[in-house]
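One structure is given here, and the rest of the page talks about it.
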Amino acid sequence: MMNVGQTLFETMAHIVRALVMELDFHNDQHGRNGLLATYIQFSCTLPHPDANQSAGVSCVPVAMQAPPYRAASMLAHSAAARSSSNPDLSGGHARPHDDFSRWLDVAPCAARPIERTGSMRTSYDSNVHMMMGPVYKKLVHEEVVLQWVVSSGSVREAALSNCWFFFELMVKSMAQHLAETDRLDAPRRLRFSEQYVDDITALLNSIVADIVQRYNKDYKLIHGLNTSIAFFIYDILSLMDRGFVFALIKTYCREIAKKITTVTDSYILINLKLDFLRIVCSHEHYITLNLPFGTSLTGSAPVSPSPSMTSSQSAGSTLSATSAYRDGVKHANFADLSSAYKHQHYLVGIVLSDLAAALETSNASVHNRAINLVKNLLSCHDSDPRYTDSECKSRVAALYLPLLGVVMDSLVQLHDASLTSRGPPSHVMDAESGSQSHPINQNVAMAIAGSSVFRRPSASGIEELDPFKTRKMQLGAENTRNLLSCFVWVLKNASRRTIDRWWEDLSQTQMQQLLDVLYFGVSSFEYKGRKYLKKQNQQLSHKNTDIKSKLEDVILGAGSARSELMLRRREKNPPSPHMSGDRVLRWRKDKTHYKQAMEQQEKPRMEIEYDAHIEGNLATEASLIGLDMLEYIIQQCERSDSLQSSNLLGAVLRVMQHLLSCNQSELVLQNVFASQRSLVFKFPELLFEEETEQCADLCLRLLSHCSSSLSVIRSQASASLYLLMRQNFEIGNNFARVKMQVTMSLSSLVGTNQSFNEEYLRRSLKTILLYAEEDTDLQETTFPEQVKDLVFNLHMILSDTVKMKEFQEDPEMLIDLMYRIAKGYQTSPDLRLTWLQNMAGKHSERNNHAEAALCLIHSAALVAEYLHMMEDRLYHPVGCVAFQRISPNVLEESAVSDDVVSPDEEGICTGKYFSESGLVGLLEHSASSFTMASMYEAVNEVYRILIPIHEANKDYKKLASIHGKLHEAFNKIVHQQGKRLFSCFYRVGFYGSKFGDLDGEEFVYKEQPFVKLPEITHRLESFYSERFGSDDIETIKDSNNVDRNKLNPDKAYIQITYVEPYFDLYEYRSRTTDFDKNFNLKRFMYATPFTSDGRAHGQLGEQFKRKTILTTSQSFPYIRTRIQVIGRKQLVLTPIEVAIEDIQKKTAELFEALSQEPPDPKILQMVLQGCIGTTVNQGPMEVAIVFLSDVASGSKPASNYHNKLRLCFKDFIRRCGDALRRNKTLISPEQREYQKELERNYKTLFEKLGPILLNARVCIAKA
């Protein structure tokens, strides 16, 4: 008889490969051909032995033909002797009766226990299966797997490339075989022969070996093998013994794990395994396969319908888990990834173990696959109609209880969606700190549940270690959101009994971690609104368009040299008109059939609306689940004194405040307010004695919601705020702390948030006042009067807020209003500090870094003043006097008045900045702002105050950093000598009743270095034109004194004049550098030329000049960019004094150019040209003739001014000569002619001025 089995298998493999290649457009992402798959499922008729045929048969029960176990020593012999269709195997043909005899000897029928079926039907009727079968006839699935196992070379490769086909053919044959032999009700282990089971084991072992060995060589083939195995196991879970199938899964996991521990690029294998689990776990009986009963968390249940044939503890039942629990296994073992948990809940144990290990890796793709695997499973459970009952769903949730610990352990990896505006929870520690407890038992036995594929076995073969030693990688926003959605799903659906038992075994550290996870969950599920979703969709669409256009440019060669050459050639030889445009392109993606499927188009409006609706519901659901857990924790704290003494309640309050700070639905806010009031009522000391900073934050959140447009929210927020005041008052007959915190919160709200509604906030304040008036229990106390005073103060702040809103476009007026509010809080250090910080923020937004630095210096001086009163330490600055070297303005922060509140009084100086660390933070921030303002000398003064503090604390790391920054600052001072640009100043006068309080006032404005007179004029004109109308605003062009009687009372006038810093002669001794001449400025000067007859300019002999010296109330730089003028002084210079000043100015320019080191030839030549150039010879010469010629001729008596002018000319001539000699040493050969020209001009000037100066000297001497 000819053996054609291997030939037929080879032929089939080549035919399938040819069809798959030819019909590739029917292939899916896994390489499966849809046409062939449809053929197998619906059209293929497989041959099957006739059950009625009796020739050459033996009446043996099927149970005896398929024993569940075979001795390992018999495998090789039976594999070689059982097939007559394989020519490569040695040995003669085995007779059927011989095989029956051998089977009967190994496993007699009487010794086999009867087991339950997977379908939970009645016990198996042995009479049905006492059928006669032709043993010598071959079954399709048995022959396929046999020929596959013994194949090699090209035949095996052809089969592997399309293994899905043979797997589906085997599944079809197996199902058909069970149906035609009426074995669907038979015990699973008796459905198929032992030989077939062994062949499947050998086949899958060989394929897994191929995956392990070739994973990084041919990914497409390996990916197909991996998915095909997964789908095959998925299918046979419904047909074969599930214990055997679990053993196959365990073998796969073990082999992959071994390979992962030995390679560095293991991410491909990890992803393959996660894909494998995704497919296997999508089985319709996945929950049943995980045995969701028999533990303390899941309760009792009937006997398992799927007994494991590899279990060492059970021969026919999995009740061993229940008995083990009864023998002393704690319920905590089933709340984490313990060996008991993995043994009982096999598949979900693998999934969660791999999730925990995947989070330890530093690969985003692995994170995404592992998290999505769990998320998709929970989504399927949630939508499964079989588990709609709450009890069923609670049992499903109990299966995933270890997921809570996995998420809590990955706390440091979670992405905080509110990180930019709100810091992370205080309990989030660094991943390497090692201070977090790890609830997962690392030493679990490798029992049937198996171990994570990401574990490295120890020398003993039992201990499991994590092979990934890299630092934990931060999860992305989407992965964090998906992981937290799984977390809240388990919390929602787990029964209270399950949560109670889980909570009992949590440490306080784990409780804090739970609250921190809830904190992150609030941020992750915060509702962003329709506008945000629409904007996000547009950005994604534009990004895809940009990427596509870049890809097309690359493929088409756009912008390359070749494309330009082709374009020029096309211009010389244009294509014929009959050629279509499509033929010119060698790649047209729009003509391909996959374009529409691959591109991501912008979502339509209805879909965005639907997404927004879903997002809103999800945000509400997640917030309510988190709030429910907070209530549970509060209840547990009420029952436990130890929990009350911990910081757990503070963390609960922090999460509640975070809920209030995020966008929430009306339903959520109402419940949060109720929970918050309950918490404050039960534990009032939490806010008023322990968590003072949280009291301030809570007041801020409540005030923010008091301005809500929803009346329900306003009433809830008002009630919570009133209860806060009442509780504080009942503790000590005074609510100074809440009063201070509410006022500070409103001040901060006004300074930072411009979106609140003032009218609604006033209504809420009126509601609070009404509560106080109608509270009968406190009518005999001072409480109603104190509430009334507080509400009045808050109304005053709101009034100033209205003005701030009007002047949002006028930064100077806005800062003045904030300055006025801050000055009103001179005796309230906390509030003044708040407003100073608000002003610093506004200045930073406008790049006024010097003003921002001064705001921080004033804040630090205020803190130092009160810190000195509270803690008198030698290394602390002695109040604000220590800051006087930086700016004399800081003396405003002195706490020397009679109405200064003592820092010992309740509610005063309770903020975090009134401490040594707060002072250090303010000073470091101010030094950074001074650096950005290029005021390096001030940086040195700041660090003079900081260094003693760090020296006292022996913080050498900080000291090293400070000295490094000082080194950089001093280097910049040296390198930027003469190159630094400082601010310029302008005097601005306001005239007209339209200006209100500003009418008749004068200010000095500090502007950026490059701001010229036309620029500031245009800015002020534009602003006030929009406010008053362009016809009602005029600018006075000159700098003369303004006559108010000549102005139109119906118009507004602005006078803008450039001013310069003014110093007396003695001040120049201490102001030697450019920085000294531009820092701490209080006097300014501008000059106005005029003549006796009223003209602005005239001849030299009749040209007068009026110098106006202005004095400001504070020194520049200050916490404001404009300072009011409080003093004015005018000096009138005669014509000769004007001339003396001009000659002195030119001489000073020459001296400065000569003093530069190294000398700058360009500057020197420019100054020389201005002094003795041919075009300006008449300047100095004309001055000498006008003022000294009459004195030289004796026709006019000499005066001191004439002698001073003569001496100025003498100095001027000498400086010109020095400059010429210096320039001669600096010029290049081609500039010699230019040098000779300058020397001739100098000689001419000297010859003409010499006689005049000489004669003048004689006349002056005679006089």
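Convention: chains lettered A, B, ... in structure tokens order; per-chain residue numbering from 1; ligands numbered from 1 as shown.
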Env of A:Val171: 9 Å cut, atoms = only C-alpha atoms, seq-sep filter 6 positions within chain, self excluded. Answer as a ChimeraX atom specification.
/A:141,232,235-236,239
Tell me, which residues of stretch 865-1034 of chain A carry DSSP alpha helix (DSSP H), written as number ranges by chain?
A: 865-870, 916-932, 936-953, 956-975, 1013-1028
Stretch 799-815 of chain A environment, 10 Å, only C-alpha atoms, sequence neighbours closer than 2 positions dropped, as an MDAnalysis selection string:
chainID A and resid 747 750:751 754 758 793:797 817:821 838:840 842:843 846 1005 1019:1020 1023:1024 1027 1119:1123
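Going from atom CA of A:His367 to atom CA of A:Ala417 covers 18.0 Å.
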Which residues come within 10 Å of A:Ala1219, counting only C-alpha atoms, excluding same-chain residues fewer than 3 positions away, as an mmCIF file with C-alpha atoms, in the first residue's frame?
```cif
data_model
loop_
_atom_site.group_PDB
_atom_site.id
_atom_site.type_symbol
_atom_site.label_atom_id
_atom_site.label_comp_id
_atom_site.auth_asym_id
_atom_site.auth_seq_id
_atom_site.Cartn_x
_atom_site.Cartn_y
_atom_site.Cartn_z
ATOM 1 C CA LEU A 1150 36.039 112.265 24.059
ATOM 2 C CA PHE A 1151 37.194 111.194 27.528
ATOM 3 C CA ALA A 1153 36.055 107.084 24.113
ATOM 4 C CA LEU A 1154 39.690 107.405 25.197
ATOM 5 C CA LEU A 1164 36.749 107.058 18.697
ATOM 6 C CA GLN A 1165 36.602 108.133 15.054
ATOM 7 C CA VAL A 1167 33.403 111.139 18.327
ATOM 8 C CA LEU A 1168 36.366 112.850 16.625
ATOM 9 C CA ILE A 1213 41.396 121.089 22.509
ATOM 10 C CA ARG A 1214 43.657 118.906 24.654
ATOM 11 C CA ARG A 1215 41.251 115.972 24.510
ATOM 12 C CA CYS A 1216 40.974 116.326 20.737
ATOM 13 C CA ARG A 1222 45.382 107.517 19.946
ATOM 14 C CA ASN A 1223 43.546 107.137 16.644
ATOM 15 C CA LYS A 1224 46.837 107.264 14.736
#
```
One decimal, in Å: what's the spacing between atom CA of A:Glu22 and atom CA of A:Val4?
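Computing the Euclidean distance for atom CA of A:Glu22 and atom CA of A:Val4 yields 26.7 Å.
In terms of minimum interatomic distance to A:Leu248, A:Ala202 ranks closest within A:Thr361, A:Leu483, A:Ala202, A:Asn290, counting only C-alpha atoms.
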I'd like the contact shell of A:Phe735 - 8 Å cut-off, only C-alpha atoms, skipping same-chain residues fewer than 5 positions apart - returned as a list in words.
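My list of contacting residues is Met725, Arg726, Asn728 and Phe729 of chain A.
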Between atom CA of A:Lys1037 and atom CA of A:Glu1149, what is the distance in Å, rounded to a tenth?
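If I compute the distance from atom CA of A:Lys1037 to atom CA of A:Glu1149, I get 29.5 Å.
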Of the listed residues A:Gln716, A:Asn162, A:Ser707, A:Asn847, that which approaches A:Leu667 most closely, counting only C-alpha atoms:
A:Gln716
Secondary structure check, strand (DSSP E or B) residues of stretch 1105-1218 of chain A, as number ranges by chain
A: 1105-1116, 1122-1133
If you keep N, CA and C atoms, can you produce a file of those selected residues as an mmCIF file, in the first residue's frame?
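Writing the result to part27.cif gives the following:
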```cif
data_model
loop_
_atom_site.group_PDB
_atom_site.id
_atom_site.type_symbol
_atom_site.label_atom_id
_atom_site.label_comp_id
_atom_site.auth_asym_id
_atom_site.auth_seq_id
_atom_site.Cartn_x
_atom_site.Cartn_y
_atom_site.Cartn_z
ATOM 1 N N LYS A 1105 17.913 127.735 28.111
ATOM 2 C CA LYS A 1105 17.460 126.355 28.364
ATOM 3 C C LYS A 1105 16.890 126.282 29.776
ATOM 4 N N ARG A 1106 15.718 125.609 29.857
ATOM 5 C CA ARG A 1106 15.067 125.425 31.158
ATOM 6 C C ARG A 1106 15.186 123.960 31.549
ATOM 7 N N LYS A 1107 15.850 123.707 32.658
ATOM 8 C CA LYS A 1107 15.969 122.346 33.168
ATOM 9 C C LYS A 1107 14.915 122.121 34.239
ATOM 10 N N THR A 1108 14.106 121.061 34.027
ATOM 11 C CA THR A 1108 13.070 120.714 35.002
ATOM 12 C C THR A 1108 13.485 119.412 35.683
ATOM 13 N N ILE A 1109 13.640 119.456 36.995
ATOM 14 C CA ILE A 1109 14.064 118.294 37.785
ATOM 15 C C ILE A 1109 12.842 117.768 38.530
ATOM 16 N N LEU A 1110 12.524 116.492 38.271
ATOM 17 C CA LEU A 1110 11.363 115.852 38.882
ATOM 18 C C LEU A 1110 11.814 114.881 39.961
ATOM 19 N N THR A 1111 11.054 114.816 41.032
ATOM 20 C CA THR A 1111 11.322 113.876 42.120
ATOM 21 C C THR A 1111 10.106 112.979 42.293
ATOM 22 N N THR A 1112 10.344 111.665 42.276
ATOM 23 C CA THR A 1112 9.247 110.693 42.405
ATOM 24 C C THR A 1112 9.100 110.240 43.856
ATOM 25 N N SER A 1113 7.954 109.647 44.150
ATOM 26 C CA SER A 1113 7.671 109.222 45.532
ATOM 27 C C SER A 1113 8.516 108.027 45.945
ATOM 28 N N GLN A 1114 8.870 107.162 45.003
ATOM 29 C CA GLN A 1114 9.735 106.011 45.286
ATOM 30 C C GLN A 1114 10.839 105.949 44.240
ATOM 31 N N SER A 1115 11.789 105.095 44.493
ATOM 32 C CA SER A 1115 12.925 104.952 43.589
ATOM 33 C C SER A 1115 12.648 103.857 42.569
ATOM 34 N N PHE A 1116 13.174 104.044 41.358
ATOM 35 C CA PHE A 1116 13.118 103.016 40.314
ATOM 36 C C PHE A 1116 14.355 102.108 40.422
ATOM 37 N N ARG A 1122 5.232 102.759 36.867
ATOM 38 C CA ARG A 1122 5.107 104.217 36.870
ATOM 39 C C ARG A 1122 4.960 104.694 38.306
ATOM 40 N N ILE A 1123 5.641 105.819 38.607
ATOM 41 C CA ILE A 1123 5.635 106.376 39.959
ATOM 42 C C ILE A 1123 5.235 107.843 39.867
ATOM 43 N N GLN A 1124 4.429 108.236 40.811
ATOM 44 C CA GLN A 1124 3.910 109.607 40.807
ATOM 45 C C GLN A 1124 5.005 110.624 41.130
ATOM 46 N N VAL A 1125 4.953 111.777 40.450
ATOM 47 C CA VAL A 1125 5.893 112.873 40.689
ATOM 48 C C VAL A 1125 5.389 113.677 41.886
ATOM 49 N N ILE A 1126 6.269 113.848 42.898
ATOM 50 C CA ILE A 1126 5.874 114.584 44.103
ATOM 51 C C ILE A 1126 6.639 115.897 44.253
ATOM 52 N N GLY A 1127 7.656 116.104 43.422
ATOM 53 C CA GLY A 1127 8.429 117.340 43.514
ATOM 54 C C GLY A 1127 8.893 117.805 42.153
ATOM 55 N N ARG A 1128 8.964 119.117 41.988
ATOM 56 C CA ARG A 1128 9.384 119.697 40.714
ATOM 57 C C ARG A 1128 10.257 120.912 41.008
ATOM 58 N N LYS A 1129 11.384 121.008 40.308
ATOM 59 C CA LYS A 1129 12.313 122.127 40.458
ATOM 60 C C LYS A 1129 12.824 122.510 39.081
ATOM 61 N N GLN A 1130 12.877 123.815 38.802
ATOM 62 C CA GLN A 1130 13.289 124.292 37.477
ATOM 63 C C GLN A 1130 14.517 125.182 37.605
ATOM 64 N N LEU A 1131 15.461 124.970 36.690
ATOM 65 C CA LEU A 1131 16.673 125.779 36.594
ATOM 66 C C LEU A 1131 16.732 126.368 35.188
ATOM 67 N N VAL A 1132 17.006 127.700 35.094
ATOM 68 C CA VAL A 1132 17.107 128.360 33.794
ATOM 69 C C VAL A 1132 18.574 128.657 33.520
ATOM 70 N N LEU A 1133 19.078 128.156 32.392
ATOM 71 C CA LEU A 1133 20.462 128.366 31.992
ATOM 72 C C LEU A 1133 20.533 129.498 30.978
#
```
